[in-house]
$ cat work03.cif   # mmCIF, C-alpha atoms and all ligand atoms
data_model
#
loop_
_atom_site.label_atom_id
_atom_site.label_comp_id
_atom_site.auth_asym_id
_atom_site.auth_seq_id
_atom_site.Cartn_x
_atom_site.Cartn_y
_atom_site.Cartn_z
CA MET A 1 -133.62 -27.46 -13.21
CA GLY A 2 -130.14 -25.93 -13.74
CA SER A 3 -128.74 -23.47 -11.18
CA ASN A 4 -129.22 -20.59 -13.63
CA SER A 5 -132.89 -21.35 -14.25
CA VAL A 6 -135.46 -18.95 -12.91
CA ARG A 7 -138.86 -20.07 -11.71
CA ARG A 8 -141.26 -17.89 -9.77
CA GLU A 9 -143.83 -19.41 -7.47
CA GLY A 10 -146.75 -20.63 -9.60
CA ASP A 11 -145.00 -20.19 -12.95
CA SER A 12 -145.38 -23.03 -15.38
CA LEU A 13 -142.51 -21.94 -17.63
CA MET A 14 -138.82 -21.81 -16.84
CA VAL A 15 -136.72 -19.09 -18.41
CA GLY A 16 -133.33 -20.71 -17.95
CA LEU A 17 -131.80 -23.80 -19.48
CA GLY A 18 -134.50 -26.37 -19.05
CA GLU A 19 -136.74 -28.51 -21.18
CA THR A 20 -138.37 -26.65 -24.08
CA PRO A 21 -142.13 -26.58 -23.48
CA PRO A 22 -144.52 -27.66 -26.24
CA SER A 23 -145.20 -24.86 -28.72
CA THR A 24 -148.86 -24.92 -27.70
CA ASP A 25 -147.78 -23.58 -24.27
CA LEU A 26 -145.87 -20.74 -25.94
CA PHE A 27 -147.70 -19.52 -29.04
CA ALA A 28 -151.28 -18.62 -29.95
CA GLU A 29 -153.38 -21.49 -31.26
CA ASP A 30 -154.21 -19.58 -34.47
CA LEU A 31 -150.76 -18.06 -35.10
CA PHE A 32 -150.58 -19.65 -38.56
CA ALA A 33 -154.29 -19.83 -39.41
CA ASP A 34 -154.84 -19.44 -43.17
CA ARG A 35 -151.13 -19.93 -43.81
CA VAL A 36 -149.59 -22.65 -45.95
CA VAL A 37 -146.30 -24.10 -44.74
CA LEU A 38 -144.00 -26.37 -46.73
CA VAL A 39 -141.51 -28.46 -44.74
CA THR A 40 -138.88 -30.41 -46.68
CA GLY A 41 -137.81 -33.56 -44.87
CA GLY A 42 -141.03 -33.17 -42.87
CA GLY A 43 -141.52 -36.89 -42.28
CA THR A 44 -138.77 -37.52 -39.75
CA GLY A 45 -136.76 -35.97 -36.90
CA ILE A 46 -136.73 -32.19 -36.61
CA GLY A 47 -138.86 -31.68 -39.73
CA LYS A 48 -141.61 -33.90 -38.38
CA ALA A 49 -141.73 -32.02 -35.06
CA VAL A 50 -141.83 -28.71 -36.94
CA ALA A 51 -144.60 -29.87 -39.31
CA LEU A 52 -146.79 -31.11 -36.47
CA ALA A 53 -146.27 -27.86 -34.55
CA PHE A 54 -147.25 -25.67 -37.50
CA ALA A 55 -150.44 -27.73 -37.84
CA ASP A 56 -151.13 -27.31 -34.11
CA HIS A 57 -151.09 -23.54 -34.71
CA GLY A 58 -153.55 -23.59 -37.59
CA ALA A 59 -151.38 -23.91 -40.72
CA ASP A 60 -152.09 -26.10 -43.72
CA VAL A 61 -148.92 -28.17 -43.90
CA ALA A 62 -147.21 -29.84 -46.85
CA VAL A 63 -144.50 -32.36 -46.02
CA VAL A 64 -142.14 -33.53 -48.74
CA SER A 65 -139.16 -35.88 -49.06
CA ARG A 66 -138.03 -38.90 -51.10
CA ASN A 67 -139.88 -41.58 -49.19
CA MET A 68 -143.68 -41.53 -48.88
CA ASP A 69 -143.45 -44.02 -46.00
CA HIS A 70 -141.89 -41.22 -43.94
CA LEU A 71 -144.57 -38.71 -44.90
CA THR A 72 -147.89 -40.58 -44.71
CA PRO A 73 -147.84 -41.04 -40.90
CA VAL A 74 -147.30 -37.29 -40.44
CA VAL A 75 -150.24 -36.45 -42.71
CA GLU A 76 -152.38 -38.94 -40.79
CA GLU A 77 -151.28 -37.49 -37.45
CA ILE A 78 -152.08 -33.93 -38.52
CA GLU A 79 -155.47 -34.98 -39.90
CA SER A 80 -156.26 -36.89 -36.72
CA ARG A 81 -155.65 -33.63 -34.82
CA GLY A 82 -158.13 -31.86 -37.10
CA GLY A 83 -155.61 -30.13 -39.37
CA ARG A 84 -155.04 -30.11 -43.14
CA ALA A 85 -151.95 -31.78 -44.52
CA TYR A 86 -150.58 -32.97 -47.83
CA ALA A 87 -147.56 -35.01 -48.85
CA THR A 88 -145.70 -35.42 -52.09
CA THR A 89 -142.36 -36.95 -52.95
CA VAL A 90 -139.36 -34.93 -54.09
CA ASP A 91 -135.63 -35.32 -54.46
CA VAL A 92 -134.38 -31.85 -53.58
CA ARG A 93 -131.14 -32.54 -55.50
CA GLU A 94 -133.12 -32.43 -58.79
CA TYR A 95 -134.45 -29.03 -59.87
CA GLU A 96 -137.26 -30.48 -62.02
CA SER A 97 -138.47 -32.60 -59.14
CA VAL A 98 -138.45 -29.52 -56.88
CA ASP A 99 -140.38 -27.42 -59.37
CA THR A 100 -143.01 -30.14 -59.74
CA MET A 101 -143.27 -30.26 -55.94
CA THR A 102 -143.87 -26.51 -55.76
CA GLU A 103 -146.56 -26.64 -58.45
CA THR A 104 -148.27 -29.59 -56.77
CA VAL A 105 -148.36 -27.93 -53.35
CA VAL A 106 -149.57 -24.61 -54.77
CA GLU A 107 -152.29 -26.46 -56.65
CA GLU A 108 -153.32 -28.34 -53.50
CA PHE A 109 -153.31 -25.43 -51.04
CA GLY A 110 -153.47 -22.33 -53.25
CA GLY A 111 -150.10 -20.90 -52.25
CA ILE A 112 -147.04 -21.23 -50.01
CA ASP A 113 -146.43 -18.65 -47.27
CA VAL A 114 -143.65 -20.38 -45.35
CA LEU A 115 -140.81 -22.56 -46.60
CA VAL A 116 -138.77 -24.60 -44.14
CA ASN A 117 -135.65 -25.97 -45.88
CA ASN A 118 -135.08 -28.85 -43.51
CA ALA A 119 -134.10 -31.78 -45.77
CA GLY A 120 -130.53 -32.73 -44.99
CA ALA A 121 -127.92 -35.43 -45.21
CA ASN A 122 -124.69 -36.26 -43.46
CA PHE A 123 -122.22 -38.97 -42.61
CA LEU A 124 -118.88 -38.60 -40.90
CA THR A 125 -115.78 -39.39 -42.90
CA PRO A 126 -112.12 -38.42 -43.01
CA THR A 127 -111.78 -35.95 -45.87
CA GLU A 128 -109.21 -38.07 -47.71
CA LEU A 129 -111.76 -40.91 -47.90
CA LEU A 130 -114.60 -38.70 -49.19
CA THR A 131 -115.43 -39.68 -52.79
CA PRO A 132 -116.85 -37.22 -55.32
CA ASN A 133 -120.14 -39.11 -55.09
CA GLY A 134 -120.15 -38.85 -51.30
CA TRP A 135 -119.54 -35.11 -51.56
CA ARG A 136 -122.38 -34.76 -54.09
CA ALA A 137 -124.82 -36.84 -52.04
CA VAL A 138 -124.43 -34.53 -49.04
CA VAL A 139 -123.70 -31.13 -50.61
CA GLY A 140 -126.34 -31.82 -53.27
CA THR A 141 -128.96 -32.35 -50.59
CA ILE A 142 -127.94 -29.55 -48.26
CA LEU A 143 -126.86 -26.77 -50.57
CA ASP A 144 -128.34 -27.53 -54.01
CA GLY A 145 -131.53 -28.71 -52.31
CA THR A 146 -131.90 -25.56 -50.24
CA ALA A 147 -131.07 -23.40 -53.24
CA TYR A 148 -133.49 -25.22 -55.57
CA CYS A 149 -136.39 -25.06 -53.10
CA THR A 150 -135.65 -21.41 -52.35
CA LEU A 151 -135.54 -20.51 -56.06
CA SER A 152 -138.65 -22.46 -56.94
CA VAL A 153 -140.82 -21.50 -53.97
CA GLY A 154 -139.25 -18.02 -53.92
CA GLU A 155 -140.50 -17.33 -57.44
CA HIS A 156 -143.97 -18.13 -56.23
CA MET A 157 -143.56 -15.96 -53.08
CA ILE A 158 -142.38 -13.03 -55.20
CA GLU A 159 -145.50 -13.34 -57.37
CA ASN A 160 -147.64 -13.54 -54.27
CA ASP A 161 -146.16 -10.59 -52.40
CA GLY A 162 -144.19 -12.18 -49.65
CA GLY A 163 -143.31 -15.05 -47.41
CA ALA A 164 -140.86 -16.37 -44.86
CA ILE A 165 -138.05 -18.85 -45.39
CA VAL A 166 -136.13 -20.68 -42.69
CA SER A 167 -133.26 -23.01 -43.54
CA MET A 168 -131.63 -25.56 -41.28
CA GLY A 169 -127.97 -24.79 -41.08
CA ALA A 170 -125.72 -26.39 -38.49
CA THR A 171 -123.15 -25.24 -35.98
CA ASN A 172 -120.47 -26.90 -38.13
CA SER A 173 -120.97 -24.09 -40.66
CA VAL A 174 -119.10 -21.55 -38.53
CA GLN A 175 -116.58 -23.85 -36.94
CA GLY A 176 -114.83 -26.47 -39.02
CA ALA A 177 -114.52 -29.84 -37.35
CA PRO A 178 -112.98 -33.19 -38.26
CA TYR A 179 -114.98 -35.41 -40.65
CA HIS A 180 -117.42 -32.67 -41.67
CA ALA A 181 -115.88 -31.44 -44.97
CA HIS A 182 -119.02 -31.94 -47.07
CA SER A 183 -121.58 -31.15 -44.38
CA GLY A 184 -119.77 -28.10 -42.97
CA ALA A 185 -119.11 -26.58 -46.39
CA GLY A 186 -122.70 -27.22 -47.47
CA LYS A 187 -124.17 -25.69 -44.34
CA ALA A 188 -121.87 -22.65 -44.61
CA GLY A 189 -123.25 -22.18 -48.11
CA VAL A 190 -126.79 -22.36 -46.77
CA HIS A 191 -126.05 -19.61 -44.24
CA ASN A 192 -124.55 -17.37 -46.90
CA LEU A 193 -127.38 -18.07 -49.35
CA MET A 194 -130.00 -17.08 -46.78
CA GLN A 195 -128.18 -13.79 -46.15
CA THR A 196 -128.11 -12.99 -49.87
CA VAL A 197 -131.76 -13.91 -50.31
CA ALA A 198 -132.68 -11.81 -47.28
CA SER A 199 -130.90 -8.79 -48.70
CA GLU A 200 -132.30 -9.13 -52.22
CA TRP A 201 -135.86 -10.19 -51.46
CA ALA A 202 -136.72 -7.80 -48.64
CA VAL A 203 -138.16 -5.65 -51.41
CA HIS A 204 -140.60 -8.49 -52.13
CA ASP A 205 -141.57 -8.77 -48.46
CA ILE A 206 -139.72 -12.06 -48.10
CA ARG A 207 -137.65 -12.78 -45.02
CA ALA A 208 -134.96 -15.48 -44.85
CA ASN A 209 -133.15 -16.78 -41.79
CA THR A 210 -130.92 -19.69 -40.81
CA ILE A 211 -131.28 -21.87 -37.74
CA ALA A 212 -128.20 -23.78 -36.63
CA PRO A 213 -129.08 -26.80 -34.54
CA GLY A 214 -126.28 -28.16 -32.38
CA ILE A 215 -126.52 -31.89 -31.77
CA ILE A 216 -130.17 -32.85 -31.78
CA GLU A 217 -130.98 -36.47 -30.97
CA THR A 218 -132.65 -37.91 -34.08
CA GLU A 219 -132.34 -41.22 -35.88
CA GLY A 220 -130.70 -39.33 -38.74
CA VAL A 221 -127.84 -37.84 -36.75
CA THR A 222 -127.31 -41.02 -34.76
CA GLU A 223 -126.91 -42.94 -38.00
CA ALA A 224 -124.68 -40.20 -39.43
CA ALA A 225 -122.47 -40.47 -36.35
CA GLY A 226 -122.04 -44.20 -36.97
CA GLY A 227 -124.85 -45.58 -34.79
CA GLU A 228 -124.25 -43.79 -31.51
CA LEU A 229 -123.71 -40.25 -30.22
CA PRO A 230 -120.58 -40.36 -28.04
CA GLU A 231 -121.42 -39.18 -24.49
CA GLU A 232 -118.04 -37.38 -24.27
CA ILE A 233 -119.43 -34.69 -26.58
CA LEU A 234 -121.59 -33.54 -23.67
CA GLN A 235 -118.46 -32.09 -22.02
CA ASP A 236 -118.50 -29.42 -24.74
CA ILE A 237 -122.19 -28.56 -24.37
CA PRO A 238 -122.88 -26.10 -21.52
CA ALA A 239 -126.51 -27.29 -21.35
CA GLU A 240 -125.11 -30.74 -20.50
CA ARG A 241 -127.54 -32.59 -22.76
CA PHE A 242 -128.14 -33.25 -26.42
CA GLY A 243 -130.96 -31.29 -28.00
CA THR A 244 -134.33 -32.68 -29.05
CA PRO A 245 -136.46 -31.85 -32.09
CA ALA A 246 -138.81 -30.03 -29.68
CA ASP A 247 -135.95 -27.64 -28.81
CA CYS A 248 -135.84 -26.48 -32.44
CA VAL A 249 -139.58 -25.93 -32.90
CA PRO A 250 -140.15 -22.56 -31.15
CA THR A 251 -137.30 -20.86 -33.03
CA VAL A 252 -138.75 -22.02 -36.37
CA LEU A 253 -142.23 -20.82 -35.42
CA PHE A 254 -140.96 -17.49 -34.11
CA LEU A 255 -138.87 -16.76 -37.21
CA THR A 256 -141.73 -17.48 -39.60
CA SER A 257 -144.37 -15.61 -37.58
CA PRO A 258 -145.27 -11.92 -37.60
CA ALA A 259 -143.34 -11.63 -34.31
CA ALA A 260 -140.20 -11.71 -36.45
CA ALA A 261 -141.37 -9.10 -38.98
CA TYR A 262 -138.10 -7.13 -38.50
CA VAL A 263 -135.84 -10.21 -38.39
CA THR A 264 -134.15 -11.25 -41.61
CA GLY A 265 -130.73 -12.52 -42.66
CA GLY A 266 -130.10 -13.82 -39.16
CA TYR A 267 -128.33 -16.89 -37.84
CA PHE A 268 -129.79 -18.51 -34.76
CA ALA A 269 -127.93 -21.30 -32.98
CA VAL A 270 -130.12 -23.76 -31.08
CA ASP A 271 -127.25 -25.66 -29.52
CA GLY A 272 -127.29 -25.50 -25.73
CA GLY A 273 -124.19 -23.29 -25.97
CA GLN A 274 -122.16 -25.78 -28.03
CA LEU A 275 -120.58 -23.00 -30.13
CA LEU A 276 -119.17 -21.25 -27.05
CA ALA A 277 -115.46 -21.83 -26.52
CA SER A 278 -114.58 -23.88 -23.49
CA SER A 279 -112.38 -22.27 -20.86
CA PRO A 280 -108.63 -22.90 -21.03
CA PHE A 281 -108.49 -22.46 -17.19
C1 LIG B 301 -120.07 -37.39 -33.48
C2 LIG B 301 -121.33 -36.69 -33.54
C3 LIG B 301 -121.39 -35.78 -34.67
C4 LIG B 301 -122.71 -35.21 -34.85
C5 LIG B 301 -122.79 -34.36 -36.05
C6 LIG B 301 -123.05 -32.94 -35.70
C7 LIG B 301 -124.10 -32.32 -36.52
C8 LIG B 301 -123.70 -32.11 -37.94
C9 LIG B 301 -124.70 -31.33 -38.70
C10 LIG B 301 -125.59 -32.11 -39.56
C11 LIG B 301 -126.29 -33.19 -39.10
C12 LIG B 301 -127.20 -33.86 -40.00
O1 LIG B 301 -127.42 -33.54 -41.11
S1 LIG B 301 -128.02 -35.16 -39.33
C13 LIG B 301 -129.16 -35.69 -40.56
C14 LIG B 301 -128.64 -36.85 -41.25
N1 LIG B 301 -129.72 -37.41 -42.01
C15 LIG B 301 -129.46 -38.07 -43.12
O2 LIG B 301 -128.32 -38.22 -43.53
C16 LIG B 301 -130.65 -38.65 -43.85
C17 LIG B 301 -130.43 -38.78 -45.32
N2 LIG B 301 -129.23 -39.58 -45.63
C18 LIG B 301 -129.12 -40.33 -46.71
O3 LIG B 301 -130.00 -40.40 -47.55
C19 LIG B 301 -127.85 -41.12 -46.90
O4 LIG B 301 -127.29 -41.35 -45.62
C20 LIG B 301 -126.85 -40.41 -47.83
C21 LIG B 301 -125.62 -41.29 -47.95
C22 LIG B 301 -126.43 -39.08 -47.30
C23 LIG B 301 -127.46 -40.26 -49.23
O5 LIG B 301 -127.94 -41.47 -49.69
P1 LIG B 301 -127.93 -41.83 -51.26
O6 LIG B 301 -128.76 -43.08 -51.39
O7 LIG B 301 -128.29 -40.66 -52.06
O8 LIG B 301 -126.43 -42.11 -51.52
P2 LIG B 301 -125.59 -43.46 -51.59
O9 LIG B 301 -125.71 -43.96 -52.99
O10 LIG B 301 -125.92 -44.38 -50.48
O11 LIG B 301 -124.13 -42.89 -51.33
C24 LIG B 301 -123.60 -41.82 -52.10
C25 LIG B 301 -122.10 -41.78 -51.88
O12 LIG B 301 -121.83 -41.50 -50.49
C26 LIG B 301 -120.98 -42.50 -49.95
N3 LIG B 301 -121.26 -42.76 -48.54
C27 LIG B 301 -122.45 -43.03 -48.02
N4 LIG B 301 -122.35 -43.24 -46.69
C28 LIG B 301 -121.04 -43.11 -46.39
C29 LIG B 301 -120.28 -43.20 -45.18
N5 LIG B 301 -120.87 -43.48 -44.01
N6 LIG B 301 -118.95 -42.99 -45.23
C30 LIG B 301 -118.34 -42.71 -46.41
N7 LIG B 301 -119.01 -42.61 -47.59
C31 LIG B 301 -120.34 -42.80 -47.57
C32 LIG B 301 -121.28 -43.73 -50.79
O13 LIG B 301 -120.20 -44.65 -50.74
C33 LIG B 301 -121.45 -43.13 -52.18
O14 LIG B 301 -120.21 -42.82 -52.77
P3 LIG B 301 -119.48 -43.83 -53.85
O15 LIG B 301 -119.17 -45.08 -53.09
O16 LIG B 301 -118.26 -43.08 -54.28
O17 LIG B 301 -120.47 -44.05 -54.96
N1 LIG B 302 -129.86 -33.74 -35.78
C1 LIG B 302 -128.83 -32.92 -35.69
O1 LIG B 302 -128.01 -33.03 -34.78
C2 LIG B 302 -128.68 -31.81 -36.66
C3 LIG B 302 -129.46 -31.69 -37.77
N2 LIG B 302 -129.27 -30.63 -38.61
C4 LIG B 302 -130.11 -30.45 -39.78
O2 LIG B 302 -131.47 -30.53 -39.45
C5 LIG B 302 -132.20 -31.08 -40.54
C6 LIG B 302 -133.02 -32.27 -40.06
O3 LIG B 302 -132.14 -33.27 -39.58
P1 LIG B 302 -132.62 -34.51 -38.68
O4 LIG B 302 -134.04 -34.35 -38.35
O5 LIG B 302 -131.64 -34.69 -37.62
O6 LIG B 302 -132.38 -35.73 -39.68
P2 LIG B 302 -133.32 -36.65 -40.55
O7 LIG B 302 -132.44 -37.63 -41.19
O8 LIG B 302 -134.48 -37.12 -39.74
O9 LIG B 302 -133.90 -35.63 -41.62
C7 LIG B 302 -133.47 -35.49 -42.91
C8 LIG B 302 -134.69 -35.43 -43.79
O10 LIG B 302 -134.30 -35.05 -45.09
C9 LIG B 302 -134.99 -35.84 -46.03
N3 LIG B 302 -134.13 -35.93 -47.20
C10 LIG B 302 -132.86 -36.40 -47.26
N4 LIG B 302 -132.39 -36.34 -48.50
C11 LIG B 302 -133.38 -35.81 -49.26
C12 LIG B 302 -133.50 -35.50 -50.64
N5 LIG B 302 -132.48 -35.71 -51.49
N6 LIG B 302 -134.66 -34.97 -51.09
C13 LIG B 302 -135.69 -34.76 -50.24
N7 LIG B 302 -135.63 -35.02 -48.92
C14 LIG B 302 -134.49 -35.55 -48.43
C15 LIG B 302 -135.22 -37.18 -45.35
O11 LIG B 302 -136.39 -37.83 -45.81
P3 LIG B 302 -136.39 -39.00 -46.91
O12 LIG B 302 -135.41 -40.02 -46.46
O13 LIG B 302 -137.82 -39.47 -46.92
O14 LIG B 302 -135.99 -38.35 -48.19
C16 LIG B 302 -135.40 -36.78 -43.91
O15 LIG B 302 -136.76 -36.58 -43.61
C17 LIG B 302 -131.18 -31.45 -41.61
O16 LIG B 302 -131.04 -30.38 -42.52
C18 LIG B 302 -129.90 -31.58 -40.81
O17 LIG B 302 -128.77 -31.36 -41.58
C19 LIG B 302 -128.31 -29.69 -38.39
C20 LIG B 302 -127.49 -29.80 -37.31
C21 LIG B 302 -127.59 -30.87 -36.38
#

$ encode --input "work03.cif" --output "structure tokens" --more "lines below"
Ligand SMILES: CCCCCCCCC/C=C/C(=O)SCCNC(=O)CCNC(=O)[C@H](O)C(C)(C)COP(=O)(O)OP(=O)(O)OC[C@H]1O[C@@H](n2cnc3c(N)ncnc32)[C@H](O)[C@@H]1OP(=O)(O)O
Ligand SMILES: NC(=O)C1=CN([C@@H]2O[C@H](COP(=O)(O)OP(=O)(O)OC[C@H]3O[C@@H](n4cnc5c(N)ncnc54)[C@H](OP(=O)(O)O)[C@@H]3O)[C@@H](O)[C@H]2O)C=CC1
Amino acid sequence: MGSNSVRREGDSLMVGLGETPPSTDLFAEDLFADRVVLVTGGGTGIGKAVALAFADHGADVAVVSRNMDHLTPVVEEIESRGGRAYATTVDVREYESVDTMTETVVEEFGGIDVLVNNAGANFLTPTELLTPNGWRAVVGTILDGTAYCTLSVGEHMIENDGGAIVSMGATNSVQGAPYHAHSGAGKAGVHNLMQTVASEWAVHDIRANTIAPGIIETEGVTEAAGGELPEEILQDIPAERFGTPADCVPTVLFLTSPAAAYVTGGYFAVDGGQLLASSPF
């Protein structure tokens, strides 16, 4: 436990910088009962943790991405826990593919109440070596993909009188950093898009927020970083550890639950303090 953690005798939960407890210790079991949740990129990393958590709190969960091999185990895991789940493939860079996905999920579950735009892509490269195709592969996934899913599912939410959207941004969207030209610009676009959607679609009872993970240990980010996350980065993270997918889960659940009924257009860093400037002294 860190020195700034608080624990009273007999408490099971810390309120300082500690390990994030499982969502089942934090939220009501039926928080998302009768709700349908769509998680893009829901077969791996953060998306997988989020999809499983929604199911643990009663939601019917659709997981979508390009590779069914990523999705099937998540469906099986949710079903083995007694939940309802569905998977279909999509390439979020293609609008037609996204629209088919939306129709398929609506047909399967009867609607979509929550959209989690989690599908993402990244690799680190000096900007002068970034090819147009490399730019498109990453920005197409992050920004076009988030926009396409938001437009397609949003149309459905407007018809159905409301919903909640959460998009995965990243801390690199507010602070440029070497080798992040495509990823940082794409994530900045995601943040701005969510603000616009929040302002326009409040009238339709739709909320939209952005979560900005810091560095969350997943296979995806480790590969994007070239195979290893350099330990030196920890010097810039006040929490003194990398994040885990479980650290991101409660913020996603909170923002898409009725507890956040007055929260829209926001930007929520889940980064162990990574965005804070270090002291020059
Ligand atoms: C330090 C800690 C920081 C840590 C970082 C801090 C956090 C940052 C915030 C974000 C973090 C994350 O998103 S982490 C999540 C990362 N997860 C993922 O990336 C999973 C999905 N990724 C993918 O599918 C692939 O990696 C990706 C390349 C993006 C897309 O695959 P595709 O099959 O569509 O594309 P490809 O045909 O392989 O490649 C398309 C073009 O991109 C180029 N390209 C591909 N990989 C390349 C590479 N490593 N370097 C240069 N260029 C590359 C290719 O040469 C092609 O260009 P041409 O040669 O010109 O044709
Ligand atoms: N881990 C980190 O440190 C950080 C992550 N993030 C963001 O969090 C989100 C999850 O990342 P993380 O869990 O780490 O990484 P992963 O690589 O595990 O997740 C990316 C997911 O996106 C899916 N995906 C990629 N391209 C497409 C596409 N074109 N169409 C549909 N699905 C696609 C992948 O599935 P498939 O291959 O089956 O298509 C995969 O499930 C991403 O948006 C990422 O940018 C933000 C900041 C930091």

$ closest_atom_pairs --input "work03.cif" --of "range 195-251 of chain A" --to "range 167-190 of chain A" --cutoff "12 Å" --atoms "all atoms listed in the file" --output "Markdown table"
| residue | atom | partner | partner_atom | distance |
| --- | --- | --- | --- | --- |
| A:Gln195 | CA | A:Val190 | CA | 8.7 |
| A:Thr196 | CA | A:Val190 | CA | 10.0 |
| A:Val197 | CA | A:Val190 | CA | 10.4 |
| A:Ala198 | CA | A:Ser167 | CA | 11.8 |
| A:Arg207 | CA | A:Ser167 | CA | 11.2 |
| A:Ala208 | CA | A:Ser167 | CA | 7.8 |
| A:Asn209 | CA | A:Ser167 | CA | 6.5 |
| A:Thr210 | CA | A:Ser167 | CA | 4.9 |
| A:Ile211 | CA | A:Met168 | CA | 5.1 |
| A:Ala212 | CA | A:Ala170 | CA | 4.1 |
| A:Pro213 | CA | A:Ala170 | CA | 5.2 |
| A:Gly214 | CA | A:Thr171 | CA | 5.6 |
| A:Ile215 | CA | A:Thr171 | CA | 8.6 |
| A:Ile216 | CA | A:Ala170 | CA | 10.3 |
| A:Val221 | CA | A:Ala170 | CA | 11.8 |
| A:Ala224 | CA | A:His180 | CA | 10.7 |
| A:Ala225 | CA | A:Tyr179 | CA | 10.0 |
| A:Gly226 | CA | A:Tyr179 | CA | 11.9 |
| A:Cys248 | CA | A:Met168 | CA | 9.8 |
| A:Val249 | CA | A:Met168 | CA | 11.6 |
| A:Thr251 | CA | A:Met168 | CA | 11.1 |

$ closest_residue --input "work03.cif" --among "A:His191, A:Arg93, A:Arg81, A:His156" --to "ligand LIG 302 (chain B)" --atoms "all atoms listed in the file"
A:Arg93

$ residues_near_ligand --input "work03.cif" --ligand "ligand LIG 301 (chain B)" --cutoff "6 Å" --atoms "all atoms listed in the file" --output "ChimeraX atom specification"
/A:120-123,125,131,133-134,137-138,170,215,220-221,224-225,229

$ residues_around --input "work03.cif" --residues "Thr218 in chain A" --least-positions-apart "4" --cutoff "9 Å" --atoms "all atoms listed in the file" --output "JSON, numbers by chain"
{"A": [44, 45, 46, 222, 223, 244, 245]}

$ atom_distance --input "work03.cif" --atom1 "CA of Ala259 in chain A" --atom2 "CA of Asn160 in chain A"
20.5 Å

$ atom_distance --input "work03.cif" --atom1 "atom P2 of ligand LIG 302 (chain B)" --atom2 "CA of Asn118 in chain A"
8.5 Å

$ atom_distance --input "work03.cif" --atom1 "atom O7 of ligand LIG 302 (chain B)" --atom2 "CA of Glu96 in chain A"
22.5 Å

$ closest_residue --input "work03.cif" --among "A:Pro230, A:Pro132, A:Gly140, A:Pro126" --to "ligand LIG 302 (chain B)" --atoms "only C-alpha atoms and all ligand atoms"
A:Gly140

$ closest_residue --input "work03.cif" --among "A:Asp271, A:Leu143, A:Arg84, A:Met194" --to "Leu234 in chain A" --atoms "only C-alpha atoms"
A:Asp271

$ residues_near_point --input "work03.cif" --point "(-141.0, -17.2, -46.3)" --cutoff "9 Å" --atoms "only C-alpha atoms" --output "VMD selection string"
chain A and resid 37 112 to 116 153 to 154 157 162 to 166 205 to 208 256

$ residues_around --input "work03.cif" --residues "Thr88 in chain A" --least-positions-apart "6" --cutoff "7 Å" --atoms "all atoms listed in the file" --output "number ranges by chain"
A: 63-64, 101

$ closest_residue --input "work03.cif" --among "A:Asp99, A:Asp144, A:Asp161, A:Asp56" --to "ligand LIG 302 (chain B)" --atoms "only C-alpha atoms and all ligand atoms"
A:Asp144

$ closest_residue --input "work03.cif" --among "A:Val15, A:Val50, A:Val92, A:Leu276" --to "ligand LIG 302 (chain B)" --atoms "all atoms listed in the file"
A:Val92

$ axis_aligned_box --input "work03.cif" --around "ligand LIG 302 (chain B)" --padding-each-side "5 Å" --output "lines of an AutoDock Vina configuration file"
center_x = -132.7
center_y = -34.9
center_z = -43.1
size_x = 20.3
size_y = 20.3
size_z = 26.7

$ residues_near_point --input "work03.cif" --point "(-154.5, -30.8, -45.2)" --cutoff "12 Å" --atoms "all atoms listed in the file" --output "PyMOL selection string"
chain A and resi 34-38+51-52+54-55+58-63+72+74-87+105+108-110

$ closest_residue --input "work03.cif" --among "A:Arg66, A:Lys48, A:Arg136, A:His57" --to "ligand LIG 302 (chain B)" --atoms "all atoms listed in the file"
A:Arg66

$ decode --input "work03.cif" --residues "range 89-97 of chain A" --atoms "N, CA and C atoms" --output "PDB file, in the first residue's frame"
ATOM      1  N   THR A  89     -17.652 -10.418 -36.697  1.00  0.00           N
ATOM      2  CA  THR A  89     -16.439  -9.746 -37.162  1.00  0.00           C
ATOM      3  C   THR A  89     -16.771  -8.393 -37.791  1.00  0.00           C
ATOM      4  N   VAL A  90     -15.813  -7.485 -37.706  1.00  0.00           N
ATOM      5  CA  VAL A  90     -15.950  -6.166 -38.312  1.00  0.00           C
ATOM      6  C   VAL A  90     -14.550  -5.594 -38.530  1.00  0.00           C
ATOM      7  N   ASP A  91     -14.409  -4.818 -39.592  1.00  0.00           N
ATOM      8  CA  ASP A  91     -13.222  -3.971 -39.710  1.00  0.00           C
ATOM      9  C   ASP A  91     -13.729  -2.541 -39.545  1.00  0.00           C
ATOM     10  N   VAL A  92     -13.413  -1.931 -38.418  1.00  0.00           N
ATOM     11  CA  VAL A  92     -14.011  -0.619 -38.117  1.00  0.00           C
ATOM     12  C   VAL A  92     -13.543   0.468 -39.096  1.00  0.00           C
ATOM     13  N   ARG A  93     -12.544   0.163 -39.918  1.00  0.00           N
ATOM     14  CA  ARG A  93     -12.083   1.149 -40.907  1.00  0.00           C
ATOM     15  C   ARG A  93     -13.006   1.217 -42.115  1.00  0.00           C
ATOM     16  N   GLU A  94     -13.937   0.255 -42.222  1.00  0.00           N
ATOM     17  CA  GLU A  94     -14.849   0.186 -43.381  1.00  0.00           C
ATOM     18  C   GLU A  94     -16.275   0.472 -42.928  1.00  0.00           C
ATOM     19  N   TYR A  95     -16.873   1.541 -43.459  1.00  0.00           N
ATOM     20  CA  TYR A  95     -18.209   1.927 -42.958  1.00  0.00           C
ATOM     21  C   TYR A  95     -19.254   0.836 -43.199  1.00  0.00           C
ATOM     22  N   GLU A  96     -19.198   0.202 -44.383  1.00  0.00           N
ATOM     23  CA  GLU A  96     -20.207  -0.837 -44.674  1.00  0.00           C
ATOM     24  C   GLU A  96     -20.131  -1.986 -43.691  1.00  0.00           C
ATOM     25  N   SER A  97     -18.904  -2.354 -43.371  1.00  0.00           N
ATOM     26  CA  SER A  97     -18.681  -3.443 -42.417  1.00  0.00           C
ATOM     27  C   SER A  97     -19.258  -3.050 -41.044  1.00  0.00           C
TER      28      SER A  97
END
